[in-house]
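Dumped entry_22.pdb below, it's PDB, C-alpha atoms, pLDDT in the B column:
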```pdb
ATOM      1  CA  MET A  16    -102.129-128.353  -6.240  1.00 65.00           C
ATOM      2  CA  GLN A  17    -104.858-130.189  -8.143  1.00 70.00           C
ATOM      3  CA  LEU A  18    -106.949-133.072  -6.846  1.00 73.00           C
ATOM      4  CA  TYR A  19    -108.619-135.344  -9.382  1.00 71.00           C
ATOM      5  CA  MET A  20    -111.301-137.737  -8.231  1.00 74.00           C
ATOM      6  CA  LYS A  21    -112.890-140.408 -10.430  1.00 80.00           C
ATOM      7  CA  ILE A  22    -111.208-142.265 -13.233  1.00 77.00           C
ATOM      8  CA  LYS A  23    -112.571-140.013 -16.001  1.00 80.00           C
ATOM      9  CA  ASN A  24    -110.871-136.971 -14.450  1.00 80.00           C
ATOM     10  CA  ILE A  25    -107.646-138.877 -13.874  1.00 81.00           C
ATOM     11  CA  LEU A  26    -107.558-140.130 -17.474  1.00 84.00           C
ATOM     12  CA  PHE A  27    -108.461-136.689 -18.812  1.00 81.00           C
ATOM     13  CA  GLU A  28    -105.497-135.244 -16.889  1.00 79.00           C
ATOM     14  CA  HIS A  29    -103.249-138.004 -18.221  1.00 78.00           C
ATOM     15  CA  PHE A  30    -104.146-137.667 -21.893  1.00 79.00           C
ATOM     16  CA  THR A  31    -104.348-133.878 -22.003  1.00 77.00           C
ATOM     17  CA  LYS A  32    -101.628-132.644 -19.668  1.00 75.00           C
ATOM     18  CA  VAL A  33     -99.031-135.320 -18.978  1.00 71.00           C
ATOM     19  CA  LYS A  34     -96.462-134.919 -21.729  1.00 66.00           C
ATOM     20  CA  THR A  35     -94.180-137.809 -20.834  1.00 65.00           C
ATOM     21  CA  PRO A  36     -95.600-140.302 -18.344  1.00 65.00           C
ATOM     22  CA  SER A  37     -92.887-141.410 -15.992  1.00 68.00           C
ATOM     23  CA  LEU A  38     -92.735-143.245 -12.704  1.00 68.00           C
ATOM     24  CA  ALA A  39     -89.954-140.930 -11.582  1.00 67.00           C
ATOM     25  CA  CYS A  40     -91.066-138.458  -8.936  1.00 65.00           C
ATOM     26  CA  ARG A  41     -94.458-140.144  -8.608  1.00 76.00           C
ATOM     27  CA  LEU A  42     -95.840-141.819  -5.521  1.00 78.00           C
ATOM     28  CA  PHE A  43     -98.317-144.698  -5.695  1.00 83.00           C
ATOM     29  CA  LYS A  44     -99.710-146.982  -3.022  1.00 87.00           C
ATOM     30  CA  THR A  45     -97.857-150.280  -3.033  1.00 89.00           C
ATOM     31  CA  SER A  46    -101.156-152.160  -3.386  1.00 92.00           C
ATOM     32  CA  LEU A  47    -101.718-150.572  -6.823  1.00 91.00           C
ATOM     33  CA  PHE A  48     -98.716-152.482  -8.210  1.00 91.00           C
ATOM     34  CA  LYS A  49    -100.408-155.869  -7.714  1.00 93.00           C
ATOM     35  CA  GLY A  50    -101.194-157.336 -11.113  1.00 92.00           C
ATOM     36  CA  ILE A  51     -99.275-154.684 -13.058  1.00 90.00           C
ATOM     37  CA  LYS A  52     -97.618-156.070 -16.183  1.00 90.00           C
ATOM     38  CA  MET A  53     -94.036-154.823 -16.408  1.00 84.00           C
ATOM     39  CA  PHE A  54     -92.064-154.980 -19.638  1.00 79.00           C
ATOM     40  CA  GLU A  55     -88.475-156.215 -19.549  1.00 77.00           C
ATOM     41  CA  ARG A  56     -87.188-153.712 -22.068  1.00 70.00           C
ATOM     42  CA  SER A  57     -86.310-150.109 -21.378  1.00 69.00           C
ATOM     43  CA  VAL A  58     -88.585-148.518 -24.037  1.00 76.00           C
ATOM     44  CA  GLY A  59     -92.035-147.810 -22.622  1.00 79.00           C
ATOM     45  CA  VAL A  60     -91.610-149.346 -19.162  1.00 81.00           C
ATOM     46  CA  ASP A  61     -92.770-146.200 -17.375  1.00 83.00           C
ATOM     47  CA  GLU A  62     -95.575-145.447 -19.792  1.00 86.00           C
ATOM     48  CA  THR A  63     -97.125-148.924 -19.716  1.00 89.00           C
ATOM     49  CA  ALA A  64     -96.869-149.177 -15.931  1.00 88.00           C
ATOM     50  CA  TYR A  65     -98.161-145.621 -15.477  1.00 87.00           C
ATOM     51  CA  ILE A  66    -101.372-146.184 -17.478  1.00 90.00           C
ATOM     52  CA  GLN A  67    -102.084-149.363 -15.526  1.00 92.00           C
ATOM     53  CA  LEU A  68    -101.510-147.603 -12.207  1.00 90.00           C
ATOM     54  CA  ILE A  69    -103.652-144.540 -12.891  1.00 88.00           C
ATOM     55  CA  THR A  70    -106.585-146.661 -14.082  1.00 91.00           C
ATOM     56  CA  LYS A  71    -106.554-148.309 -10.650  1.00 91.00           C
ATOM     57  CA  CYS A  72    -106.491-144.992  -8.748  1.00 87.00           C
ATOM     58  CA  GLU A  73    -109.496-143.514  -6.989  1.00 86.00           C
ATOM     59  CA  ALA A  74    -107.815-140.128  -6.571  1.00 85.00           C
ATOM     60  CA  TYR A  75    -104.849-138.390  -8.149  1.00 80.00           C
ATOM     61  CA  VAL A  76    -103.009-135.314  -6.895  1.00 80.00           C
ATOM     62  CA  THR A  77    -100.654-133.108  -8.883  1.00 74.00           C
ATOM     63  CA  ILE A  78     -98.527-130.228  -7.689  1.00 73.00           C
ATOM     64  CA  ASP A  79     -97.405-127.279  -9.776  1.00 69.00           C
ATOM     65  CA  LYS A  80     -93.984-126.807  -8.205  1.00 72.00           C
ATOM     66  CA  ALA A  81     -91.111-129.103  -9.149  1.00 68.00           C
ATOM     67  CA  TYR A  82     -89.043-130.318  -6.217  1.00 69.00           C
ATOM     68  CA  TYR A  83     -86.455-132.157  -8.287  1.00 65.00           C
ATOM     69  CA  TYR A  84     -84.056-131.645 -11.152  1.00 63.00           C
ATOM     70  CA  VAL A  85     -83.903-133.781 -14.262  1.00 61.00           C
ATOM     71  CA  TYR A  86     -80.545-135.229 -15.172  1.00 62.00           C
ATOM     72  CA  HIS A  87     -80.133-135.876 -18.906  1.00 63.00           C
ATOM     73  CA  ARG A  88     -78.254-139.138 -19.290  1.00 64.00           C
ATOM     74  CA  GLN A  89     -76.254-139.733 -22.471  1.00 66.00           C
ATOM     75  CA  GLY A  90     -77.571-143.257 -23.046  1.00 63.00           C
ATOM     76  CA  SER A  91     -81.191-142.474 -22.189  1.00 62.00           C
ATOM     77  CA  VAL A  92     -83.770-144.265 -24.350  1.00 59.00           C
ATOM     78  CA  SER A  93     -85.813-141.065 -24.639  1.00 62.00           C
ATOM     79  CA  ARG A  94     -82.862-139.349 -26.345  1.00 61.00           C
ATOM     80  CA  ALA A  95     -81.808-142.228 -28.582  1.00 66.00           C
ATOM     81  CA  THR A  96     -82.033-142.104 -32.347  1.00 75.00           C
ATOM     82  CA  TYR A  97     -84.749-144.137 -34.040  1.00 78.00           C
ATOM     83  CA  THR A  98     -83.865-147.735 -34.746  1.00 83.00           C
ATOM     84  CA  ILE A  99     -86.085-150.537 -36.036  1.00 85.00           C
ATOM     85  CA  GLU A 100     -85.931-152.155 -32.582  1.00 87.00           C
ATOM     86  CA  ASN A 101     -86.943-148.945 -30.752  1.00 87.00           C
ATOM     87  CA  ILE A 102     -89.779-148.277 -33.191  1.00 89.00           C
ATOM     88  CA  ARG A 103     -91.122-151.825 -32.788  1.00 91.00           C
ATOM     89  CA  ALA A 104     -90.995-151.329 -29.032  1.00 90.00           C
ATOM     90  CA  GLY A 105     -92.844-148.011 -29.417  1.00 90.00           C
ATOM     91  CA  ILE A 106     -95.533-149.711 -31.486  1.00 93.00           C
ATOM     92  CA  SER A 107     -96.014-152.414 -28.865  1.00 93.00           C
ATOM     93  CA  VAL A 108     -96.176-149.777 -26.090  1.00 92.00           C
ATOM     94  CA  HIS A 109     -98.969-147.906 -27.868  1.00 93.00           C
ATOM     95  CA  GLU A 110    -100.832-151.106 -28.712  1.00 95.00           C
ATOM     96  CA  PHE A 111    -100.596-152.099 -25.038  1.00 95.00           C
ATOM     97  CA  ILE A 112    -102.005-148.721 -23.961  1.00 94.00           C
ATOM     98  CA  ILE A 113    -104.847-148.938 -26.501  1.00 95.00           C
ATOM     99  CA  ASN A 114    -105.754-152.452 -25.379  1.00 95.00           C
ATOM    100  CA  HIS A 115    -105.557-151.477 -21.716  1.00 95.00           C
ATOM    101  CA  ILE A 116    -107.864-148.489 -22.247  1.00 94.00           C
ATOM    102  CA  LYS A 117    -110.311-150.660 -24.228  1.00 94.00           C
ATOM    103  CA  ILE A 118    -110.564-152.945 -21.200  1.00 93.00           C
ATOM    104  CA  SER A 119    -110.351-150.427 -18.335  1.00 92.00           C
ATOM    105  CA  ASN A 120    -112.247-147.394 -19.646  1.00 88.00           C
ATOM    106  CA  GLU A 121    -113.311-147.561 -23.280  1.00 88.00           C
ATOM    107  CA  SER A 122    -114.773-144.058 -23.252  1.00 86.00           C
ATOM    108  CA  PHE A 123    -111.162-142.790 -23.488  1.00 87.00           C
ATOM    109  CA  ILE A 124    -110.195-144.960 -26.476  1.00 89.00           C
ATOM    110  CA  ASN A 125    -110.029-142.020 -28.883  1.00 86.00           C
ATOM    111  CA  TYR A 126    -107.521-140.281 -26.612  1.00 87.00           C
ATOM    112  CA  ALA A 127    -105.289-143.379 -26.723  1.00 90.00           C
ATOM    113  CA  LEU A 128    -105.730-143.698 -30.506  1.00 90.00           C
ATOM    114  CA  ILE A 129    -104.886-140.044 -31.096  1.00 85.00           C
ATOM    115  CA  LYS A 130    -101.806-140.388 -28.877  1.00 86.00           C
ATOM    116  CA  TYR A 131    -100.667-143.270 -31.102  1.00 89.00           C
ATOM    117  CA  LEU A 132    -101.505-141.365 -34.296  1.00 87.00           C
ATOM    118  CA  LYS A 133     -99.299-138.491 -33.073  1.00 85.00           C
ATOM    119  CA  TYR A 134     -96.488-140.959 -32.336  1.00 87.00           C
ATOM    120  CA  ILE A 135     -96.813-142.468 -35.823  1.00 88.00           C
ATOM    121  CA  MET A 136     -96.689-139.049 -37.494  1.00 85.00           C
ATOM    122  CA  LEU A 137     -93.568-138.122 -35.524  1.00 84.00           C
ATOM    123  CA  VAL A 138     -91.775-141.391 -36.309  1.00 87.00           C
ATOM    124  CA  VAL A 139     -92.773-141.497 -39.995  1.00 86.00           C
ATOM    125  CA  LYS A 140     -91.479-137.941 -40.393  1.00 83.00           C
ATOM    126  CA  GLU A 141     -88.112-139.111 -39.045  1.00 82.00           C
ATOM    127  CA  LEU A 142     -88.135-142.313 -41.099  1.00 83.00           C
ATOM    128  CA  ASP A 143     -88.816-140.362 -44.289  1.00 82.00           C
ATOM    129  CA  ARG A 144     -85.412-138.690 -43.817  1.00 83.00           C
ATOM    130  CA  ASN A 145     -83.625-142.056 -43.806  1.00 81.00           C
ATOM    131  CA  LYS A 146     -83.848-144.047 -47.069  1.00 81.00           C
ATOM    132  CA  ALA A 147     -82.974-147.387 -45.471  1.00 79.00           C
ATOM    133  CA  LEU A 148     -85.538-147.026 -42.688  1.00 79.00           C
ATOM    134  CA  LYS A 149     -88.157-145.675 -45.080  1.00 81.00           C
ATOM    135  CA  LYS A 150     -88.008-148.949 -47.014  1.00 83.00           C
ATOM    136  CA  SER A 151     -88.307-151.082 -43.865  1.00 86.00           C
ATOM    137  CA  GLU A 152     -91.289-153.228 -42.932  1.00 90.00           C
ATOM    138  CA  VAL A 153     -91.737-151.148 -39.780  1.00 90.00           C
ATOM    139  CA  HIS A 154     -92.397-148.063 -41.933  1.00 88.00           C
ATOM    140  CA  GLN A 155     -95.113-149.980 -43.786  1.00 89.00           C
ATOM    141  CA  THR A 156     -96.539-151.212 -40.468  1.00 92.00           C
ATOM    142  CA  LEU A 157     -96.763-147.636 -39.201  1.00 92.00           C
ATOM    143  CA  ILE A 158     -98.556-146.502 -42.372  1.00 89.00           C
ATOM    144  CA  GLU A 159    -101.039-149.389 -42.070  1.00 90.00           C
ATOM    145  CA  HIS A 160    -101.588-148.646 -38.378  1.00 91.00           C
ATOM    146  CA  PHE A 161    -102.121-144.973 -39.138  1.00 87.00           C
ATOM    147  CA  ASN A 162    -104.782-145.771 -41.739  1.00 86.00           C
ATOM    148  CA  ASN A 163    -106.512-148.320 -39.488  1.00 87.00           C
ATOM    149  CA  TYR A 164    -106.457-146.228 -36.312  1.00 87.00           C
ATOM    150  CA  PHE A 165    -107.415-143.052 -38.158  1.00 82.00           C
ATOM    151  CA  SER A 166    -110.470-144.895 -39.500  1.00 81.00           C
ATOM    152  CA  MET A 167    -111.259-146.220 -36.008  1.00 82.00           C
ATOM    153  CA  THR A 168    -111.088-142.678 -34.655  1.00 79.00           C
ATOM    154  CA  PHE A 169    -112.818-140.738 -37.418  1.00 72.00           C
ATOM    155  CA  GLY A 170    -114.650-143.456 -39.394  1.00 68.00           C
ATOM    156  CA  SER A 171    -113.868-145.000 -42.764  1.00 62.00           C
ATOM    157  CA  ASP A 172    -113.820-142.898 -45.936  1.00 61.00           C
ATOM    158  CA  GLU A 173    -117.438-143.875 -46.610  1.00 59.00           C
ATOM    159  CA  GLU A 174    -118.729-143.053 -43.124  1.00 59.00           C
ATOM    160  CA  ARG A 175    -116.419-140.181 -42.267  1.00 57.00           C
ATOM    161  CA  ASN A 176    -118.220-136.927 -42.537  1.00 59.00           C
ATOM    162  CA  GLU A 177    -117.468-133.347 -41.818  1.00 64.00           C
ATOM    163  CA  GLU A 178    -119.633-133.331 -38.674  1.00 66.00           C
ATOM    164  CA  LYS A 179    -117.697-136.183 -37.023  1.00 62.00           C
ATOM    165  CA  VAL A 180    -114.339-134.502 -37.654  1.00 62.00           C
ATOM    166  CA  LEU A 181    -115.743-131.137 -36.481  1.00 66.00           C
ATOM    167  CA  ASP A 182    -117.005-132.809 -33.274  1.00 66.00           C
ATOM    168  CA  TRP A 183    -113.521-134.147 -32.623  1.00 60.00           C
ATOM    169  CA  LEU A 184    -111.970-130.750 -33.364  1.00 63.00           C
ATOM    170  CA  ARG A 185    -114.425-129.109 -30.926  1.00 64.00           C
ATOM    171  CA  ASP A 186    -113.428-131.617 -28.240  1.00 62.00           C
ATOM    172  CA  TYR A 187    -109.753-131.082 -29.024  1.00 58.00           C
ATOM    173  CA  PHE A 188    -110.210-127.288 -28.961  1.00 60.00           C
ATOM    174  CA  ASP A 189    -111.922-127.593 -25.566  1.00 61.00           C
ATOM    175  CA  LEU A 190    -108.868-129.506 -24.301  1.00 56.00           C
ATOM    176  CA  VAL A 191    -106.519-126.824 -25.632  1.00 54.00           C
ATOM    177  CA  LEU A 192    -108.656-124.048 -24.155  1.00 58.00           C
ATOM    178  CA  HIS A 193    -108.768-125.858 -20.798  1.00 56.00           C
ATOM    179  CA  SER A 194    -104.955-126.145 -20.834  1.00 51.00           C
ATOM    180  CA  ILE A 195    -104.559-122.460 -21.715  1.00 52.00           C
ATOM    181  CA  ARG A 196    -106.854-121.449 -18.868  1.00 57.00           C
ATOM    182  CA  ARG A 197    -104.966-123.737 -16.482  1.00 52.00           C
ATOM    183  CA  LEU A 198    -101.699-122.064 -17.490  1.00 50.00           C
ATOM    184  CA  ARG A 199    -103.401-118.661 -17.012  1.00 50.00           C
ATOM    185  CA  ILE A 200    -102.265-117.366 -20.404  1.00 43.00           C
ATOM    186  CA  PHE A 201    -105.450-115.272 -20.760  1.00 40.00           C
TER
END
```

Let me see the file written as structure tokens.
Amino acid sequence: MQLYMKIKNILFEHFTKVKTPSLACRLFKTSLFKGIKMFERSVGVDETAYIQLITKCEAYVTIDKAYYYVYHRQGSVSRATYTIENIRAGISVHEFIINHIKISNESFINYALIKYLKYIMLVVKELDRNKALKKSEVHQTLIEHFNNYFSMTFGSDEERNEEKVLDWLRDYFDLVLHSIRRLRIF
């Protein structure tokens, strides 16, 4: 069992260890749900609610043992193929998360940006396999977002330097090393 106090520890846990944020098998005080914006679509509902809830928490507890089994539903959004509609929803989910982090705890903005950059790389890789989707406006939007958010994270071509990227890589390596130690691989 792990206990995380303070928002910076809670957000660090979220961005470095939580692979797929879900409201399933999570317990939150009812009072935390006041003022939470809920989306009416199925893509990203858990993730957008989850980020809002954890930024309101004063403490966060995780347990290592799973006391439930996951049932893989055929029509699950997380297992659906990429469509223009799903990709647009994914973009709006990540933009929501980025905006929420900017407001609630801006010191974690690069974590949110990198999460979105990873999403873009994954989706663009899939879109590149489909000629019709590759020519879509959503593909172009993703490329533009990647360039903009990459510059926000690492600086523009003119201001980007080796030291800034190395600093990020050191931080990222520290996260990986922390995760390895937590899993007791060494």

- Residues selected by the PyMOL selection byres ((chain A and resi 43) around 12), written as a PyMOL selection string: chain A and resi 38-42+44-49+64-65+67-76

- Item | Nearest to Thr98 of chain A, chosen from A:Lys130, A:Lys149, A:Lys80, A:His115, with only C-alpha atoms counted in the distances | A:Lys149

- Item | Ala127 of chain A environment, 8 Å, all atoms listed in the file, sequence neighbours closer than 2 positions dropped, as a VMD selection string | chain A and resid 30 109 112 to 113 116 123 to 125 129 to 131

- Query: Mind pulling up the distance from atom CA of Glu55 of chain A to atom CA of Val139 of chain A?
  - Reply: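 That distance, rounded to one decimal, is 25.6 Å.
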
- Message: Please report the interatomic distance between atom CA of Val153 of chain A and atom CA of Ile99 of chain A in Å with one decimal.
- Response: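 Taking atom CA of Val153 of chain A as the start and atom CA of Ile99 of chain A as the end point, the length is 6.8 Å.
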
- For the atom pair atom CA of Leu132 of chain A and atom CA of Gly105 of chain A, what is the interatomic distance in Å to one decimal place?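 Separation of atom CA of Leu132 of chain A and atom CA of Gly105 of chain A: 12.0 Å.
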
Please provide as a PDB file with C-alpha atoms, keeping the file's coordinate frame all residues within 10 Å of Ser151 of chain A, with the sequence filter that same-chain residues fewer than 5 positions apart are discarded (counting all atoms listed in the file).
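The resulting selection-v4.pdb:
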```
ATOM      1  CA  ILE A  99     -86.085-150.537 -36.036  1.00 85.00           C
ATOM      2  CA  LEU A 142     -88.135-142.313 -41.099  1.00 83.00           C
ATOM      3  CA  LYS A 146     -83.848-144.047 -47.069  1.00 81.00           C
ATOM      4  CA  THR A 156     -96.539-151.212 -40.468  1.00 92.00           C
TER       5      THR A 156
END
```
